[in-house]
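J.: Can you read through this structure? Questions will come right after.
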Amino acid sequence: MIGKLNHVAIAVPDLKAAAATYRDTLGAKVSPPQAEPDHGVTVVFVELPNTKIELLHPMGETSPIQGFLDKNPSGGIHHVCYEVDDILAARDHLKGRGARVLGDGEPRTGAHGKPVLFLHPKDFNGTLIELEQA
Ligand code: CO
């Protein structure tokens, strides 16, 4: 059911420093910071040949990333995003297998303008999973 790895999201305490690490130390192509106020984050996209890394920094007091950074002050992997062809079919399949979908279970428009859902990390080995309809 899941397809390509769309991205790995990493929460970072210092977006400028993290972007510089990926650009200068790791030699990757990085985007300018992009504000995503609807999602409470500022994002730098790191383009790799086969996937993307998203460096997430909290934007605003209620950002979901802030709580993560409070627990992980030096940053860390926040979620992985897998592509699916049909997000509603994927959701129904997962629910039928006992997996918990976060929120009200209805897909939202994600950072790339496509429908996304998040799955409970406790059902997936401690990893927050985002599904995106490709
Ligand atoms: Co994501």
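To be explicit about the labels: the chains of the structure tokens are called A, B, and onward in the order shown, and within each one the residues are counted from 1, while ligands get numbers from 1 in the order they are shown.
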10 Å from ligand 1 is the threshold here; counting only C-alpha atoms and all ligand atoms, which polymer residues fall inside it? Answer as a short mmCIF file (atom, residue, chain, number, x, y, z; two decimals) with N, CA and C atoms, in the first residue's frame.

T.:
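Written file, pocket_13.cif:
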```cif
data_model
loop_
_atom_site.label_atom_id
_atom_site.label_comp_id
_atom_site.auth_asym_id
_atom_site.auth_seq_id
_atom_site.Cartn_x
_atom_site.Cartn_y
_atom_site.Cartn_z
N ASN A 6 8.40 9.94 0.70
CA ASN A 6 8.31 11.32 0.19
C ASN A 6 9.31 12.22 0.87
N HIS A 7 9.37 12.15 2.20
CA HIS A 7 10.38 12.93 2.93
C HIS A 7 10.56 12.40 4.34
N VAL A 8 11.67 12.78 4.92
CA VAL A 8 11.92 12.60 6.34
C VAL A 8 11.98 14.00 6.93
N ALA A 9 11.21 14.24 7.99
CA ALA A 9 11.18 15.57 8.60
C ALA A 9 12.01 15.56 9.88
N ILE A 10 12.89 16.54 10.00
CA ILE A 10 13.77 16.65 11.16
C ILE A 10 13.49 17.98 11.84
N VAL A 43 10.09 25.85 7.10
CA VAL A 43 10.70 24.64 6.54
C VAL A 43 11.83 24.99 5.58
N LYS A 52 13.40 13.71 -0.11
CA LYS A 52 13.66 15.03 0.47
C LYS A 52 13.84 14.90 1.97
N ILE A 53 14.59 15.81 2.52
CA ILE A 53 14.64 16.00 3.96
C ILE A 53 14.00 17.35 4.22
N GLU A 54 13.13 17.44 5.22
CA GLU A 54 12.53 18.71 5.58
C GLU A 54 13.01 19.10 6.97
N LEU A 55 13.68 20.24 7.03
CA LEU A 55 14.14 20.76 8.32
C LEU A 55 13.04 21.65 8.85
N LEU A 56 12.47 21.27 9.99
CA LEU A 56 11.31 21.97 10.55
C LEU A 56 11.72 22.78 11.77
N HIS A 78 11.42 13.84 13.31
CA HIS A 78 10.05 14.10 13.77
C HIS A 78 9.05 13.15 13.12
N HIS A 79 9.13 12.96 11.82
CA HIS A 79 8.25 11.99 11.15
C HIS A 79 8.84 11.58 9.81
N VAL A 80 8.28 10.48 9.30
CA VAL A 80 8.59 10.05 7.93
C VAL A 80 7.29 10.10 7.14
N CYS A 81 7.40 10.42 5.86
CA CYS A 81 6.20 10.55 5.03
C CYS A 81 6.27 9.58 3.87
N TYR A 82 5.26 8.71 3.81
CA TYR A 82 5.14 7.75 2.72
C TYR A 82 4.03 8.17 1.78
N GLY A 110 -1.61 19.19 3.29
CA GLY A 110 -0.28 19.23 3.87
C GLY A 110 0.57 20.34 3.28
N ALA A 111 1.83 20.32 3.65
CA ALA A 111 2.77 21.38 3.26
C ALA A 111 2.99 21.45 1.76
N HIS A 112 2.65 20.38 1.03
CA HIS A 112 2.84 20.40 -0.43
C HIS A 112 1.52 20.58 -1.17
N VAL A 116 -3.05 14.90 3.42
CA VAL A 116 -2.18 14.11 4.31
C VAL A 116 -2.96 13.65 5.55
N LEU A 117 -2.44 12.59 6.15
CA LEU A 117 -2.92 12.08 7.43
C LEU A 117 -1.70 11.69 8.25
N PHE A 118 -1.86 11.71 9.58
CA PHE A 118 -0.79 11.24 10.46
C PHE A 118 -1.28 10.03 11.25
N LEU A 128 6.30 8.59 14.15
CA LEU A 128 5.15 9.31 13.61
C LEU A 128 5.20 9.17 12.08
N ILE A 129 4.11 8.67 11.52
CA ILE A 129 4.04 8.46 10.07
C ILE A 129 3.04 9.43 9.45
N GLU A 130 3.49 10.11 8.40
CA GLU A 130 2.60 10.94 7.59
C GLU A 130 2.33 10.19 6.29
N LEU A 131 1.09 10.16 5.89
CA LEU A 131 0.75 9.61 4.58
C LEU A 131 0.35 10.77 3.69
N GLU A 132 0.85 10.77 2.48
CA GLU A 132 0.49 11.83 1.53
C GLU A 132 0.00 11.19 0.25
#
```

J.: Can you list, as an MDAnalysis selection string, every protein, DNA or RNA residue that comes within 8 Å of region 88-105 of chain A when you count only C-alpha atoms, leaving out same-chain residues fewer than 4 positions away?

T.: chainID A and resid 1 84 117:120 123

J.: Residues as selected, all heavy atoms, written as a PDB file, in the first residue's frame, can you do that?

T.:
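Result file selection.pdb:
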```pdb
ATOM      1  N   MET A   1       0.811  -1.204   0.000  1.00  0.00           N
ATOM      2  CA  MET A   1       0.000   0.000   0.000  1.00  0.00           C
ATOM      3  C   MET A   1       0.855   1.269   0.000  1.00  0.00           C
ATOM      4  O   MET A   1       0.632   2.158  -0.821  1.00  0.00           O
ATOM      5  CB  MET A   1      -0.915   0.002   1.230  1.00  0.00           C
ATOM      6  CG  MET A   1      -1.829   1.198   1.272  1.00  0.00           C
ATOM      7  SD  MET A   1      -2.877   1.181   2.737  1.00  0.00           S
ATOM      8  CE  MET A   1      -1.659   1.376   4.039  1.00  0.00           C
ATOM      9  N   VAL A  84       0.933   7.451  -0.765  1.00  0.00           N
ATOM     10  CA  VAL A  84      -0.108   6.459  -1.073  1.00  0.00           C
ATOM     11  C   VAL A  84      -0.897   6.969  -2.285  1.00  0.00           C
ATOM     12  O   VAL A  84      -0.973   8.176  -2.530  1.00  0.00           O
ATOM     13  CB  VAL A  84      -1.069   6.207   0.115  1.00  0.00           C
ATOM     14  CG1 VAL A  84      -0.341   5.543   1.280  1.00  0.00           C
ATOM     15  CG2 VAL A  84      -1.752   7.488   0.582  1.00  0.00           C
ATOM     16  N   LEU A 117      -2.443  12.592   6.147  1.00  0.00           N
ATOM     17  CA  LEU A 117      -2.924  12.080   7.432  1.00  0.00           C
ATOM     18  C   LEU A 117      -1.705  11.686   8.251  1.00  0.00           C
ATOM     19  O   LEU A 117      -0.665  11.340   7.683  1.00  0.00           O
ATOM     20  CB  LEU A 117      -3.762  10.815   7.235  1.00  0.00           C
ATOM     21  CG  LEU A 117      -5.192  10.947   6.746  1.00  0.00           C
ATOM     22  CD1 LEU A 117      -5.743   9.550   6.455  1.00  0.00           C
ATOM     23  CD2 LEU A 117      -6.059  11.664   7.773  1.00  0.00           C
ATOM     24  N   PHE A 118      -1.864  11.708   9.578  1.00  0.00           N
ATOM     25  CA  PHE A 118      -0.791  11.241  10.458  1.00  0.00           C
ATOM     26  C   PHE A 118      -1.283  10.032  11.247  1.00  0.00           C
ATOM     27  O   PHE A 118      -2.453   9.984  11.645  1.00  0.00           O
ATOM     28  CB  PHE A 118      -0.354  12.357  11.405  1.00  0.00           C
ATOM     29  CG  PHE A 118       0.485  13.419  10.735  1.00  0.00           C
ATOM     30  CD1 PHE A 118      -0.118  14.524  10.158  1.00  0.00           C
ATOM     31  CD2 PHE A 118       1.865  13.300  10.663  1.00  0.00           C
ATOM     32  CE1 PHE A 118       0.637  15.498   9.525  1.00  0.00           C
ATOM     33  CE2 PHE A 118       2.634  14.271  10.029  1.00  0.00           C
ATOM     34  CZ  PHE A 118       2.026  15.371   9.465  1.00  0.00           C
ATOM     35  N   LEU A 119      -0.365   9.088  11.475  1.00  0.00           N
ATOM     36  CA  LEU A 119      -0.685   7.854  12.189  1.00  0.00           C
ATOM     37  C   LEU A 119       0.025   7.837  13.534  1.00  0.00           C
ATOM     38  O   LEU A 119       1.145   8.327  13.660  1.00  0.00           O
ATOM     39  CB  LEU A 119      -0.231   6.637  11.373  1.00  0.00           C
ATOM     40  CG  LEU A 119      -0.752   6.593   9.928  1.00  0.00           C
ATOM     41  CD1 LEU A 119      -0.157   5.389   9.207  1.00  0.00           C
ATOM     42  CD2 LEU A 119      -2.281   6.562   9.902  1.00  0.00           C
ATOM     43  N   HIS A 120      -0.643   7.257  14.519  1.00  0.00           N
ATOM     44  CA  HIS A 120      -0.124   7.284  15.890  1.00  0.00           C
ATOM     45  C   HIS A 120       1.220   6.561  16.000  1.00  0.00           C
ATOM     46  O   HIS A 120       1.333   5.398  15.608  1.00  0.00           O
ATOM     47  CB  HIS A 120      -1.127   6.625  16.831  1.00  0.00           C
ATOM     48  CG  HIS A 120      -0.940   7.054  18.251  1.00  0.00           C
ATOM     49  ND1 HIS A 120       0.221   6.801  18.943  1.00  0.00           N
ATOM     50  CD2 HIS A 120      -1.741   7.754  19.084  1.00  0.00           C
ATOM     51  CE1 HIS A 120       0.117   7.311  20.166  1.00  0.00           C
ATOM     52  NE2 HIS A 120      -1.067   7.902  20.274  1.00  0.00           N
ATOM     53  N   ASP A 123       1.632   2.968  17.337  1.00  0.00           N
ATOM     54  CA  ASP A 123       1.244   1.824  16.513  1.00  0.00           C
ATOM     55  C   ASP A 123       2.322   1.475  15.488  1.00  0.00           C
ATOM     56  O   ASP A 123       2.189   0.474  14.774  1.00  0.00           O
ATOM     57  CB  ASP A 123      -0.067   2.120  15.777  1.00  0.00           C
ATOM     58  CG  ASP A 123      -1.232   2.302  16.745  1.00  0.00           C
ATOM     59  OD1 ASP A 123      -1.152   1.768  17.871  1.00  0.00           O
ATOM     60  OD2 ASP A 123      -2.200   2.990  16.384  1.00  0.00           O
TER      61      ASP A 123
END
```

J.: Write out as number ranges by chain which residues come within 7 Å of Leu69 (chain A) when counting only C-alpha atoms, dropping same-chain ones fewer than 5 positions away.

T.: A: 11, 13, 75

J.: Residues at most 12 Å from Ala20 (chain A), counting only C-alpha atoms, excluding those fewer than 2 positions away in the same chain, as a ChimeraX atom specification?

T.: /A:14-18,22-33,44,46,55

J.: Could you write out, as a ChimeraX atom specification, all the residues of chain A that DSSP marks as strand (DSSP E or B)?

T.: /A:5-11,29-30,34-36,41-47,52-58,76-84,101,108-109,115-119,129-133
